Amino acid sequence: MTHHVAIIGAGLAGASSARALSRAGARATVFEKSGGTGGRLSTRRTDHGSFDHGAQYLTAHSVGFGETLGELTRAGAAGEWAPAGKDRETAWHVGVPGMSGLVKPLLHGIEVRPRCRIRAIRVERDGVRLIAEGGPVGVFDRVIVTAPAPQALDLVGELDPGFGAISEAVMAPCWAAMFAYRKRIGALPDMVRGDDASPLGWMARNGSKPGRYGAETVVVHAGAAWSADHLAEEADAVRGLLTTAMAERFGDDAGDPEFGVAHRWRYARVDRPAGLPFFSGCDGLVLACGDWCLGGRAEAAFDSGQAAAQRLIEELA
Ligand SMILES: Cc1cc2nc3c(=O)[nH]c(=O)nc-3n(C[C@H](O)[C@H](O)[C@H](O)COP(=O)(O)OP(=O)(O)OC[C@H]3O[C@@H](n4cnc5c(N)ncnc54)[C@H](O)[C@@H]3O)c2cc1C
């Protein structure tokens, strides 16, 4: 009998586990609250160009993630980014044509149900029932939750005391801003890294990444401490502050974008991982995984998704 596994979240952890399960012969259905896939590997498309406003580039240390990035590169869904001023030795990979392009091929052939926010999980005699905003969406043999740690805890915390340790993971916010300019701004480098207290904790010219064309688009990530200090502010106010920071650093033209918008990532990065590859509760019927299990980078999300899927593959074989 084919086992049916529900996966909550279509980010890298969800895609990684869905693909592994599907390849092992299980049926995987992915529920995603937003309209697209990729999670924090995200690309915002606007009339003024596209922006990678979440993760900027991916690095691989493990063999498995390295092989997957190689596969995605050969398929044209990823490329290497070598910006002027690159300050780390490891190869930097980005999705093509945008960051979310990395996740799409991993979900090829897998049922994804977008705009479906799961509100509750109930363990019942015949399986695990998922309830979305509009009502029940099905009963599954197993469920894997891949939401950021605080949201995962909301969903599974009451189901099993063992899930309480998810609260060991500490996640931090990040304010991002997206700017588009009418013309190339000569003073703008491909990338700049600042300190945690700076409004310009990171700045990148989106167009310097492979496979991006068109307008001069820039993504700014405020530093960790700056983002935390300004967390409660309105997006418009933060856009203004980050526009001013661009002008102060790179000149008046950089402070005069044709388009600008700020985005608050409430759970952007992992300050402290929970320290396990994944969590399992309710006699193994419900699992939780994501970057917050192992570390703050996309590779941790991928590895955690693989580990959770592997547990189910071994158990359901
Ligand atoms: C600003 C920023 C910069 C970053 N920079 C880098 C970088 O340069 N390099 C790097 O390696 N990493 C970076 N990261 C971290 C990287 O993006 C993450 O580690 C990785 O994408 C996490 O993947 P995930 O699948 O664990 O979680 P997510 O990508 O968050 O996926 C979880 C998914 O679950 C969905 N979801 C949540 N709750 C529900 C629900 N109840 N029902 C249905 N769906 C739900 C969400 O919508 C989301 O799509 C950055 C992140 C941010 C935000």
# chains A, B, ... in the order shown; residues from 1 in each chain; ligands from 1

call {"tool": "residues_near_ligand", "arguments": {"ligand": "ligand 1", "cutoff": "6 Å", "atoms": "only C-alpha atoms and all ligand atoms", "output": "JSON, numbers by chain"}}
result
{"A": [8, 9, 10, 11, 12, 13, 14, 31, 32, 33, 34, 38, 39, 40, 41, 54, 55, 56, 57, 58, 116, 117, 118, 119, 146, 147, 148, 151, 174, 265, 268, 269, 290, 291, 296, 297, 298, 299, 301]}

call {"tool": "residues_around", "arguments": {"residues": "range 181-190 of chain A", "least_positions_apart": "6", "cutoff": "10 Å", "atoms": "only C-alpha atoms", "output": "ChimeraX atom specification"}}
result
/A:48-49,82-86,203-209,214-218,246,249-260

call {"tool": "atom_distance", "arguments": {"atom1": "CA of Thr29 in chain A", "atom2": "CA of His4 in chain A"}}
result
7.6 Å

call {"tool": "residues_around", "arguments": {"residues": "Leu155 in chain A", "least_positions_apart": "4", "cutoff": "12 Å", "atoms": "only C-alpha atoms", "output": "PyMOL selection string"}}
result
chain A and resi 8+117-122+130-132+143-151+159-160+163-164+166+286-288

call {"tool": "write_last_selection", "arguments": {"atoms": "C-alpha atoms", "output": "mmCIF file, in the first residue's frame"}}
result
data_model
loop_
_atom_site.group_PDB
_atom_site.id
_atom_site.type_symbol
_atom_site.label_atom_id
_atom_site.label_comp_id
_atom_site.auth_asym_id
_atom_site.auth_seq_id
_atom_site.Cartn_x
_atom_site.Cartn_y
_atom_site.Cartn_z
ATOM 1 C CA ILE A 8 3.284 21.487 5.710
ATOM 2 C CA ARG A 117 -2.799 27.400 5.711
ATOM 3 C CA ILE A 118 -2.968 24.452 8.092
ATOM 4 C CA ARG A 119 -4.562 25.528 11.357
ATOM 5 C CA ALA A 120 -4.603 22.296 13.325
ATOM 6 C CA ILE A 121 -3.302 18.742 13.366
ATOM 7 C CA ARG A 122 -5.318 15.954 15.022
ATOM 8 C CA LEU A 130 -5.162 18.208 8.890
ATOM 9 C CA ILE A 131 -7.503 21.121 9.282
ATOM 10 C CA ALA A 132 -6.998 24.178 7.115
ATOM 11 C CA VAL A 143 2.667 14.528 8.698
ATOM 12 C CA ILE A 144 5.878 16.557 8.455
ATOM 13 C CA VAL A 145 5.725 20.170 9.641
ATOM 14 C CA THR A 146 8.397 22.453 8.131
ATOM 15 C CA ALA A 147 7.225 25.885 9.332
ATOM 16 C CA PRO A 148 9.707 28.137 11.210
ATOM 17 C CA ALA A 149 10.157 26.971 14.825
ATOM 18 C CA PRO A 150 7.601 29.244 16.589
ATOM 19 C CA GLN A 151 4.931 28.427 14.000
ATOM 20 C CA LEU A 159 0.278 17.058 20.527
ATOM 21 C CA ASP A 160 3.241 15.603 22.420
ATOM 22 C CA PHE A 163 7.800 18.751 20.904
ATOM 23 C CA GLY A 164 8.350 21.264 23.722
ATOM 24 C CA ILE A 166 11.384 22.982 19.634
ATOM 25 C CA VAL A 286 4.071 13.674 13.317
ATOM 26 C CA LEU A 287 7.525 15.053 12.522
ATOM 27 C CA ALA A 288 8.875 18.608 12.519
#

call {"tool": "atom_distance", "arguments": {"atom1": "CA of Phe179 in chain A", "atom2": "CA of Val261 in chain A"}}
result
6.8 Å

call {"tool": "select_by_dssp", "arguments": {"residues": "range 10-209 of chain A", "states": "alpha helix (DSSP H)", "output": "VMD selection string"}}
result
chain A and resid 12 to 23 63 to 74 149 to 156

call {"tool": "write_last_selection", "arguments": {"atoms": "C-alpha atoms", "output": "mmCIF file, in the first residue's frame"}}
result
data_model
loop_
_atom_site.group_PDB
_atom_site.id
_atom_site.type_symbol
_atom_site.label_atom_id
_atom_site.label_comp_id
_atom_site.auth_asym_id
_atom_site.auth_seq_id
_atom_site.Cartn_x
_atom_site.Cartn_y
_atom_site.Cartn_z
ATOM 1 C CA LEU A 12 13.461 23.980 0.960
ATOM 2 C CA ALA A 13 12.909 21.617 3.914
ATOM 3 C CA GLY A 14 9.440 20.701 2.625
ATOM 4 C CA ALA A 15 10.654 20.229 -0.940
ATOM 5 C CA SER A 16 13.658 18.215 0.208
ATOM 6 C CA SER A 17 11.535 15.814 2.253
ATOM 7 C CA ALA A 18 8.731 15.603 -0.340
ATOM 8 C CA ARG A 19 11.186 14.693 -3.074
ATOM 9 C CA ALA A 20 12.959 12.058 -0.989
ATOM 10 C CA LEU A 21 9.647 10.458 0.000
ATOM 11 C CA SER A 22 8.268 10.562 -3.507
ATOM 12 C CA ARG A 23 11.435 8.973 -4.902
ATOM 13 C CA VAL A 63 27.852 15.913 -0.188
ATOM 14 C CA GLY A 64 24.074 15.522 -0.529
ATOM 15 C CA PHE A 65 23.322 19.235 -0.803
ATOM 16 C CA GLY A 66 26.310 19.743 -3.096
ATOM 17 C CA GLU A 67 24.997 17.044 -5.431
ATOM 18 C CA THR A 68 21.538 18.568 -5.434
ATOM 19 C CA LEU A 69 22.918 22.024 -6.263
ATOM 20 C CA GLY A 70 24.955 20.424 -9.061
ATOM 21 C CA GLU A 71 21.827 18.726 -10.392
ATOM 22 C CA LEU A 72 19.871 21.997 -10.251
ATOM 23 C CA THR A 73 22.705 23.829 -12.015
ATOM 24 C CA ARG A 74 22.786 21.267 -14.837
ATOM 25 C CA ALA A 149 10.157 26.971 14.825
ATOM 26 C CA PRO A 150 7.601 29.244 16.589
ATOM 27 C CA GLN A 151 4.931 28.427 14.000
ATOM 28 C CA ALA A 152 5.794 24.715 14.111
ATOM 29 C CA LEU A 153 5.446 24.825 17.885
ATOM 30 C CA ASP A 154 1.978 26.396 17.536
ATOM 31 C CA LEU A 155 0.919 23.466 15.381
ATOM 32 C CA VAL A 156 2.502 20.540 17.253
#

call {"tool": "atom_distance", "arguments": {"atom1": "CA of Ala169 in chain A", "atom2": "CA of Pro199 in chain A"}}
result
25.2 Å

call {"tool": "closest_residue", "arguments": {"among": "A:Cys282, A:Gln310, A:Gly295, A:Asp303", "to": "Glu158 in chain A", "atoms": "only C-alpha atoms"}}
result
A:Cys282

call {"tool": "select_by_dssp", "arguments": {"residues": "range 57-274 of chain A", "states": "strand (DSSP E or B)", "output": "PyMOL selection string"}}
result
chain A and resi 58+78-80+93-95+111-113+118-124+127-132+135-140+142-145+170-181+191-193+202-205+216-221+259-272

call {"tool": "write_last_selection", "arguments": {"atoms": "C-alpha atoms", "output": "JSON list (two decimals), in the first residue's frame"}}
result
[["chain", "number", "residue", "atom", "x", "y", "z"],
["A", 58, "LEU", "CA", 23.48, 29.12, -0.96],
["A", 78, "ALA", "CA", 20.71, 27.35, -10.37],
["A", 79, "GLY", "CA", 23.89, 29.20, -11.23],
["A", 80, "GLU", "CA", 27.07, 30.32, -9.54],
["A", 93, "HIS", "CA", 24.80, 29.36, -5.73],
["A", 94, "VAL", "CA", 21.61, 31.21, -6.57],
["A", 95, "GLY", "CA", 18.33, 30.11, -8.14],
["A", 111, "GLU", "CA", 1.08, 17.60, -5.47],
["A", 112, "VAL", "CA", 1.32, 21.10, -3.97],
["A", 113, "ARG", "CA", -1.72, 22.85, -2.52],
["A", 118, "ILE", "CA", -2.97, 24.45, 8.09],
["A", 119, "ARG", "CA", -4.56, 25.53, 11.36],
["A", 120, "ALA", "CA", -4.60, 22.30, 13.33],
["A", 121, "ILE", "CA", -3.30, 18.74, 13.37],
["A", 122, "ARG", "CA", -5.32, 15.95, 15.02],
["A", 123, "VAL", "CA", -4.05, 12.48, 15.64],
["A", 124, "GLU", "CA", -6.99, 10.10, 15.17],
["A", 127, "GLY", "CA", -4.37, 8.58, 10.78],
["A", 128, "VAL", "CA", -3.45, 12.24, 11.15],
["A", 129, "ARG", "CA", -6.11, 14.75, 10.16],
["A", 130, "LEU", "CA", -5.16, 18.21, 8.89],
["A", 131, "ILE", "CA", -7.50, 21.12, 9.28],
["A", 132, "ALA", "CA", -7.00, 24.18, 7.12],
["A", 135, "GLY", "CA", -11.99, 23.05, 7.12],
["A", 136, "PRO", "CA", -10.49, 19.52, 7.08],
["A", 137, "VAL", "CA", -8.24, 18.72, 4.08],
["A", 138, "GLY", "CA", -7.62, 15.03, 4.64],
["A", 139, "VAL", "CA", -6.28, 12.20, 6.76],
["A", 140, "PHE", "CA", -2.68, 11.11, 6.23],
["A", 142, "ARG", "CA", 2.24, 10.74, 8.53],
["A", 143, "VAL", "CA", 2.67, 14.53, 8.70],
["A", 144, "ILE", "CA", 5.88, 16.56, 8.46],
["A", 145, "VAL", "CA", 5.73, 20.17, 9.64],
["A", 170, "VAL", "CA", 15.79, 30.84, 18.63],
["A", 171, "MET", "CA", 14.91, 32.67, 15.44],
["A", 172, "ALA", "CA", 15.66, 36.30, 14.62],
["A", 173, "PRO", "CA", 13.90, 38.84, 12.37],
["A", 174, "CYS", "CA", 15.27, 40.74, 9.39],
["A", 175, "TRP", "CA", 13.99, 43.84, 7.62],
["A", 176, "ALA", "CA", 14.50, 43.66, 3.86],
["A", 177, "ALA", "CA", 14.05, 46.45, 1.33],
["A", 178, "MET", "CA", 13.71, 46.22, -2.43],
["A", 179, "PHE", "CA", 14.66, 49.19, -4.61],
["A", 180, "ALA", "CA", 14.47, 49.65, -8.39],
["A", 181, "TYR", "CA", 16.21, 52.50, -10.20],
["A", 191, "MET", "CA", 27.46, 43.47, -2.82],
["A", 192, "VAL", "CA", 28.31, 44.98, 0.53],
["A", 193, "ARG", "CA", 28.28, 43.37, 3.96],
["A", 202, "TRP", "CA", 23.79, 43.48, 3.44],
["A", 203, "MET", "CA", 23.22, 45.06, 0.05],
["A", 204, "ALA", "CA", 23.25, 43.27, -3.30],
["A", 205, "ARG", "CA", 22.62, 44.26, -6.89],
["A", 216, "GLU", "CA", 18.71, 48.01, -11.73],
["A", 217, "THR", "CA", 17.24, 46.21, -8.73],
["A", 218, "VAL", "CA", 18.77, 46.15, -5.29],
["A", 219, "VAL", "CA", 18.02, 44.19, -2.14],
["A", 220, "VAL", "CA", 19.00, 45.49, 1.29],
["A", 221, "HIS", "CA", 18.94, 43.45, 4.49],
["A", 259, "PHE", "CA", 10.27, 51.85, -6.66],
["A", 260, "GLY", "CA", 10.87, 50.84, -3.06],
["A", 261, "VAL", "CA", 9.19, 48.55, -0.59],
["A", 262, "ALA", "CA", 10.18, 47.02, 2.75],
["A", 263, "HIS", "CA", 9.39, 43.50, 3.91],
["A", 264, "ARG", "CA", 9.52, 42.28, 7.49],
["A", 265, "TRP", "CA", 10.83, 38.72, 7.89],
["A", 266, "ARG", "CA", 9.69, 37.88, 11.38],
["A", 267, "TYR", "CA", 11.50, 34.55, 11.40],
["A", 268, "ALA", "CA", 14.43, 35.08, 9.07],
["A", 269, "ARG", "CA", 17.45, 33.50, 10.62],
["A", 270, "VAL", "CA", 18.32, 30.99, 13.28],
["A", 271, "ASP", "CA", 20.23, 32.47, 16.20],
["A", 272, "ARG", "CA", 20.35, 29.13, 18.00]]

call {"tool": "closest_atom_pairs", "arguments": {"of": "range 243-296 of chain A", "to": "range 311-316 of chain A", "cutoff": "10 Å", "atoms": "only C-alpha atoms", "output": "JSON lines"}}
result
{"residue": "A:Phe278", "atom": "CA", "partner": "A:Arg311", "partner_atom": "CA", "distance": 9.4}
{"residue": "A:Ser280", "atom": "CA", "partner": "A:Arg311", "partner_atom": "CA", "distance": 9.4}
{"residue": "A:Gly284", "atom": "CA", "partner": "A:Leu312", "partner_atom": "CA", "distance": 8.4}
{"residue": "A:Leu285", "atom": "CA", "partner": "A:Leu312", "partner_atom": "CA", "distance": 9.2}
{"residue": "A:Leu287", "atom": "CA", "partner": "A:Leu312", "partner_atom": "CA", "distance": 9.2}

call {"tool": "write_last_selection", "arguments": {"atoms": "N, CA and C atoms", "output": "PDB file, in the first residue's frame"}}
result
ATOM      1  N   PHE A 278      15.748  16.520  13.333  1.00  0.00           N
ATOM      2  CA  PHE A 278      14.291  16.711  13.227  1.00  0.00           C
ATOM      3  C   PHE A 278      13.672  16.289  14.542  1.00  0.00           C
ATOM      4  N   SER A 280      10.325  14.217  16.388  1.00  0.00           N
ATOM      5  CA  SER A 280       9.296  13.217  16.102  1.00  0.00           C
ATOM      6  C   SER A 280       8.436  13.050  17.350  1.00  0.00           C
ATOM      7  N   GLY A 284       5.704   8.744  16.351  1.00  0.00           N
ATOM      8  CA  GLY A 284       6.290   8.837  15.012  1.00  0.00           C
ATOM      9  C   GLY A 284       5.322   9.240  13.920  1.00  0.00           C
ATOM     10  N   LEU A 285       4.084   9.600  14.307  1.00  0.00           N
ATOM     11  CA  LEU A 285       3.100   9.974  13.277  1.00  0.00           C
ATOM     12  C   LEU A 285       3.312  11.411  12.793  1.00  0.00           C
ATOM     13  N   LEU A 287       6.118  14.640  12.469  1.00  0.00           N
ATOM     14  CA  LEU A 287       7.525  15.053  12.522  1.00  0.00           C
ATOM     15  C   LEU A 287       7.606  16.559  12.277  1.00  0.00           C
TER      16      LEU A 287
END
